[in-house]
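Worksheet: one structure, shown below.
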Amino acid sequence: MLDPCRDPEPDGWEDFRQAEGLTALWAYDVIGASCRGSWARPLLAVFREGRRITAVIGAVYIGLRSPGSSRAPRPRREPIILDVRLPGYSNGPTWHFSGEVSFEARRAMLRLFERAAARRLGWGLAGVVYRMVTEGELPLVVRRGVIVRESPGSTVMPLRWTSMEEWLGSLSKNRRKTLRRQIRWVAEAGDLLVTTGTARSDLDPVEMAELNRTHTARLAARLDPRAPLPAAYFGGLLQREDVCVISYHAGRRLLAFTVLFDHETTPVSATWAALRPEEGGRKDLYFDVHARLVRKVIEDGKKELLGGRGRVEIKKSLGYEYVPMKLVAVPRWVMG
């Protein structure tokens with residue numbers, strides 16, 4: 001059990017990530033940076049067969065705190081919830097098993113993870129929440145005594161087209177007409193600068209973190225708390241060649257941005273943050289950025305685009321498919 005904010009990267013982690021085709025969201029330094037100074041602390045479980053890593057599970061744990069507080073949770077001093085998700089990721093459960101690990105072994109590993117977490121976090125651990133469990137993964141965590149509820153689902157776009165024009169042609173007439181107008185409006189806005197690229201040195205991670213903070217605050221709910229991503233997280237991503245950022249500026253002011261994590265076949269569209277029009281932002285940027293994402297992944301020859309949660313009806317109108325998910329809450333007395 002590791003805390004990437006404090007513990008050194010374990011031997012074989014990057015080899016496992018590369019071999020299993022995991023995006024930069026699973027890079028050890030990225031996970032650590034995503035929780036730096038946050039009220040959500042990371043906890044990773046690493047399973048080995050001999051010296052070789054065969055499975056990893058990512059989670060954060062949170063404690064009692066006042067609204068607006070960034071105080072870190074205090075294990076053994078207050079009630080703690082272990083939330084099995086990683087900051088910035090919303091496309092499914094945050095565990096990964098190598099292909100040779102059987103269903104029975106995966107289920108046993110998750111129980112072992114729960115027992116190890118209980119020892120690590122102490123008496124205050126009230127339970128585990130598996131927040132983004134897809135239908136196929138549900139049998140791994142469901143058992144007598146757990147609570148299963150509907151959870152906001154995710155989205156995926158199968159890339160059936162060879163060009164952006166083919167994609168536009170597959171949309172409904174109304175959506176296609178509106179989207180063309182929105183794309184044209186952004187392209188013709190003389191004071192708007194749109195930049196796409198990796199290893200960006202022209203962006204300020206502090207400004208990105210602040211925009212993400214205000215955007216995230218509008219989405220968080222009492223039963224779905226979302227820790228804002230710190231400047232260290234964006235600073236790390238901006239140095240990577242496998243992370244693409246699309247940004248919108250008016251003058252020197254950042255109006256919106258999104259992050260795309262590259263993958264051989266299935267890139268991940270992750271963080272989106274934008275100012276509202278009444279805050280100085282621009283309408284229609286959300287639609288324009290999806291057009292740019294689709295163009296990029298089609299031109300790069302990808303097979304699917306993971307679109308995350310939120311704005312599902314809009315995403316479905318753009319060609320995404322809905323992926324149902326469940327929330328599974330495991331009280332302390334049935335853990336392990």
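Going through the structure tokens in order, the chains are called A, B, and so on, while each chain numbers its residues from 1 and the ligands are numbered from 1 in the order shown.
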### Message
List as a ChimeraX atom specification the protein and nucleic acid residues near segment 106-109 of chain A, meaning an atom at most 8 Å away when only C-alpha atoms are counted, but skip any in the same chain fewer than 5 places from it.
### Response
/A:47,97,101,140-141
_Which residues are close to Arg181 of chain A, i.e. within 12 Å by only C-alpha atoms, leaving aside same-chain residues fewer than 4 positions away? Reply as an NGL selection string._
:A and (174-177 or 185-188 or 284-285 or 287-288 or 291)
Residues of the last selection are to be written out with C-alpha atoms, as a PDB file, in the first residue's frame.
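Below is the file again_34.pdb, written as the result:
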ATOM      1  CA  ASN A 174     -30.055  19.894 -36.566  1.00  0.00           C
ATOM      2  CA  ARG A 175     -26.920  19.006 -34.602  1.00  0.00           C
ATOM      3  CA  ARG A 176     -24.793  19.045 -37.760  1.00  0.00           C
ATOM      4  CA  LYS A 177     -26.080  22.457 -38.818  1.00  0.00           C
ATOM      5  CA  TRP A 185     -17.966  31.186 -35.154  1.00  0.00           C
ATOM      6  CA  VAL A 186     -14.918  30.125 -33.141  1.00  0.00           C
ATOM      7  CA  ALA A 187     -12.701  30.058 -36.232  1.00  0.00           C
ATOM      8  CA  GLU A 188     -13.785  33.571 -37.224  1.00  0.00           C
ATOM      9  CA  ASP A 284     -20.034  27.242 -27.879  1.00  0.00           C
ATOM     10  CA  LEU A 285     -16.450  26.414 -26.877  1.00  0.00           C
ATOM     11  CA  PHE A 287     -18.936  22.054 -28.862  1.00  0.00           C
ATOM     12  CA  ASP A 288     -15.912  23.353 -30.709  1.00  0.00           C
ATOM     13  CA  ALA A 291     -15.024  18.774 -32.876  1.00  0.00           C
TER      14      ALA A 291
END
Could you pull the residues within 6 Å of segment 148-160 of chain A, counting only C-alpha atoms, minus those fewer than 3 positions along the same chain, as an NGL selection string? :A and (91 or 303-309 or 320-328)
Using the chain letters and numbers from this document, which residues of segment 85-227 of chain A does DSSP assign to strand (DSSP E), as a ChimeraX atom specification? /A:95-97,125-134,147-158,192-198
